[in-house]
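Single-structure report; data block below.
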Protein chains: 2
Amino acid sequence: MRALYFDHTLQLRYDYPLPSPRPDEALIRTRLAGICNTDLEMLRGYGGGFTGVLGHEFVGEVVRTNRVSHTIGTDLIGQRVVGEINCYCGKCPTCQRGDRAHCPSRTTLGIRGRDGAMADFFTLPIHLLHPVPDSVTDEQAVFAEPLAAACEIIEQVHIRSEDRVVVLGDGKLGLLIAQVLQLTGCNLLVTGHHSHKLEILAAKGIPTQLATASIEPGADIVIEATGSASGFAAARSLVRPRGTLVLKSTIHGKVPLDLSGIVVDEITLIGSRCGPFAQALRLLAEGLVDVEPLIHRRFSLDDGPAAFRQVASGALKVLLSP
Amino acid sequence: MRALYFDHTLQLRYDYPLPSPRPDEALIRTRLAGICNTDLEMLRGYGGGFTGVLGHEFVGEVVRTNRVSHTIGTDLIGQRVVGEINCYCGKCPTCQRGDRAHCPSRTTLGIRGRDGAMADFFTLPIHLLHPVPDSVTDEQAVFAEPLAAACEIIEQVHIRSEDRVVVLGDGKLGLLIAQVLQLTGCNLLVTGHHSHKLEILAAKGIPTQLATASIEPGADIVIEATGSASGFAAARSLVRPRGTLVLKSTIHGKVPLDLSGIVVDEITLIGSRCGPFAQALRLLAEGLVDVEPLIHRRFSLDDGPAAFRQVASGALKVLLSP
């Protein structure tokens, strides 16, 4: 089968072996896969040298299952699905605490120890799959994973309608975060470097501003979603004392931090990553978040390397269809 | 009058002018002042070059007041008092929000724009003063400020009895924090480099361990109170995914931070500083926190420079009495 394989360089392979689902896993045919900035960061070394098939944003169709447990729900053959990406053990203290996304022995689809979805087929544990409602198109469903990551912010932080919230970054994730935060009724501002991206939000009534213009500091909550190392300093300068700074960017490398300033101003810094799929699918099904304007272009899997170059040049969501 | 004055170097001055209380301020005679690690960091450049009389930990006696408002409570002449150190405007948005400790135009006793308590006399706004109950000695009361800072942690973070909490640092603040956290009934461990300091806690039934021994990672909450730049990395390595890391050290300089690790592990970092005096005084009055074992030695104000050298060599609390 075809697969977009990474081993120091990105290669399109035509002879990749068809995976075989392990116990309680499903074999899934990829319908669409999305390219995420994390994929780009991985090409730059983020994550400690993953080797394998990339791709953790997908909508697919279940082809075959290898069920051995009777406790994991109904069979899904023929179903359109999206899926959570952290494959946990379920038995360790972290899993038992309910934080399965941080299981220390987890594999992560297309990121860590497990081939991803940028291929004709891939496998994932059945219990991580979420059926896609008929009213949600493939082009919408492929956003479930990043939209869940956007929803994670409102799982972690109680955002009140009186809060002044600034989102830094008008990339793919920033545009999803902005739409999720708009649902809270907070006093929202989104900044970025690309007027054509900000216009997508402006059309939905979300206040936006170019990052080059000055922003009033003293925000209650600042979301750093620039995907660049310089974003942190900008975010830090905007948050008020006792305010909250949510970190969304996964960037390869270290950033110098003035810890005393964090102490004196009593800032709360919160790392935020994968989120709840059920909420993301509901927001898509109810039309509460609009993802189609975020699609830049669709490429065939055969043109995967060209698609990655497009994303690296700053394009919004690029989709791959096998 | 005498004053321990800092202007690039620490000087004992005998001719310092007696301060005059401004409207709604009190003139206070210092009974005892404590030397804090923040004072030492200031000698190293922390805080951006303060010039003036040092000292923000004190117990004193009100000598004179200059009351002009009728709304600031009864007169306190002759009263023993401790006092909050952030002198705020009361009118700006930060003050109006209730966060007066972070008023952007604040002065801070002995730290920023206001002479401190390491002198025969000093001034402070009357509404920042807290009368000391008769049952609390001077030697206890002088700990009100750092004990309030320790209490700030339980104001900010809900610590449950099932939480595993590690305090890094057996300095003056670490020993106060440990005693406050013991009150929550949490599963507590305190680590440090000084067995004679840790023994103070062990005598109170608090589990301790030398920092050189290995500590089981995966703590729910880690308190960084080492006062050293290397403490952050140690604290980070001990906290579990989705755990909380409370920062207490104010250190001059920057620390390189792996932001991606914070994001992936969804760590919450909380800066923590000044705290509630009323709680601190109550804990002292009720004997719930034991501060006398933390007193290393008492010096005359005349021997202030020698007292500072003692603190720099790693001593516990050194007190100055005029």
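Quick note on naming: the chains in the structure tokens go A, B, ... in the order shown, residues restart at 1 in each chain, and ligands are numbered from 1 in order of appearance.
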Next item on the list: Mind checking which residues fall within 10 Å of Cys36 in chain B, counting only C-alpha atoms, ignoring those fewer than 6 positions away in the same chain, and posting them as JSON, numbers by chain?
Entry: {"B": [55, 56, 57, 146, 172, 173, 308, 311, 316, 317, 318, 319]}
Closest pair table for chain A residues within 6 Å of chain B, only C-alpha atoms, as a tab-separated table:
```
residue	atom	partner	partner_atom	distance
A:Thr250	CA	B:Ser260	CA	4.5
A:Ile251	CA	B:Ser260	CA	5.7
A:Lys254	CA	B:Asp258	CA	4.5
A:Val255	CA	B:Leu257	CA	5.1
A:Pro256	CA	B:Pro256	CA	4.1
A:Leu257	CA	B:Lys254	CA	5.1
A:Asp258	CA	B:Lys254	CA	4.5
A:Ser260	CA	B:Thr250	CA	4.5
A:Ile262	CA	B:Gly271	CA	5.1
A:Val263	CA	B:Gly271	CA	3.8
A:Val264	CA	B:Arg273	CA	5.9
A:Glu266	CA	B:Gly271	CA	4.1
A:Ile267	CA	B:Gly271	CA	5.3
A:Thr268	CA	B:Ile270	CA	4.4
A:Leu269	CA	B:Leu269	CA	4.9
A:Ile270	CA	B:Thr268	CA	4.5
A:Gly271	CA	B:Val263	CA	3.8
A:Ser272	CA	B:Glu266	CA	5.1
A:Arg273	CA	B:Val264	CA	5.9
```
Next item on the list: Using DSSP on the backbone, list every residue of range 65-302 of chain B that comes out as helix (DSSP H, G or I), and give them as a VMD selection string.
Entry: chain B and resid 93 to 96 100 to 102 126 to 128 138 to 141 144 to 156 172 to 182 195 to 202 231 to 238 259 to 264 277 to 285 292 to 294 301 to 302
Item checked: For CA of Asp24 in chain B and CA of Ile77 in chain B, the interatomic separation in Å (one decimal) -> 13.0 Å
Checklist line | range 104-304 of chain B: residues DSSP assigns to strand (DSSP E), reported as a PyMOL selection string | finding: chain B and resi 107-109+113-114+121-125+129-131+164-168+187-192+208-210+219-224+239-247+255-257+268-271+295-300
Note to self: Which residues are near range 130-139 of chain A? Cut-off 10 Å, only C-alpha atoms, ignore same chain within fewer than 2 positions. Put them as a VMD selection string.
What the structure shows: chain A and resid 31 to 34 58 to 62 76 79 to 84 126 to 128 141 to 144 277 to 278 281 to 282 284 to 287 291 to 292 295 298 319
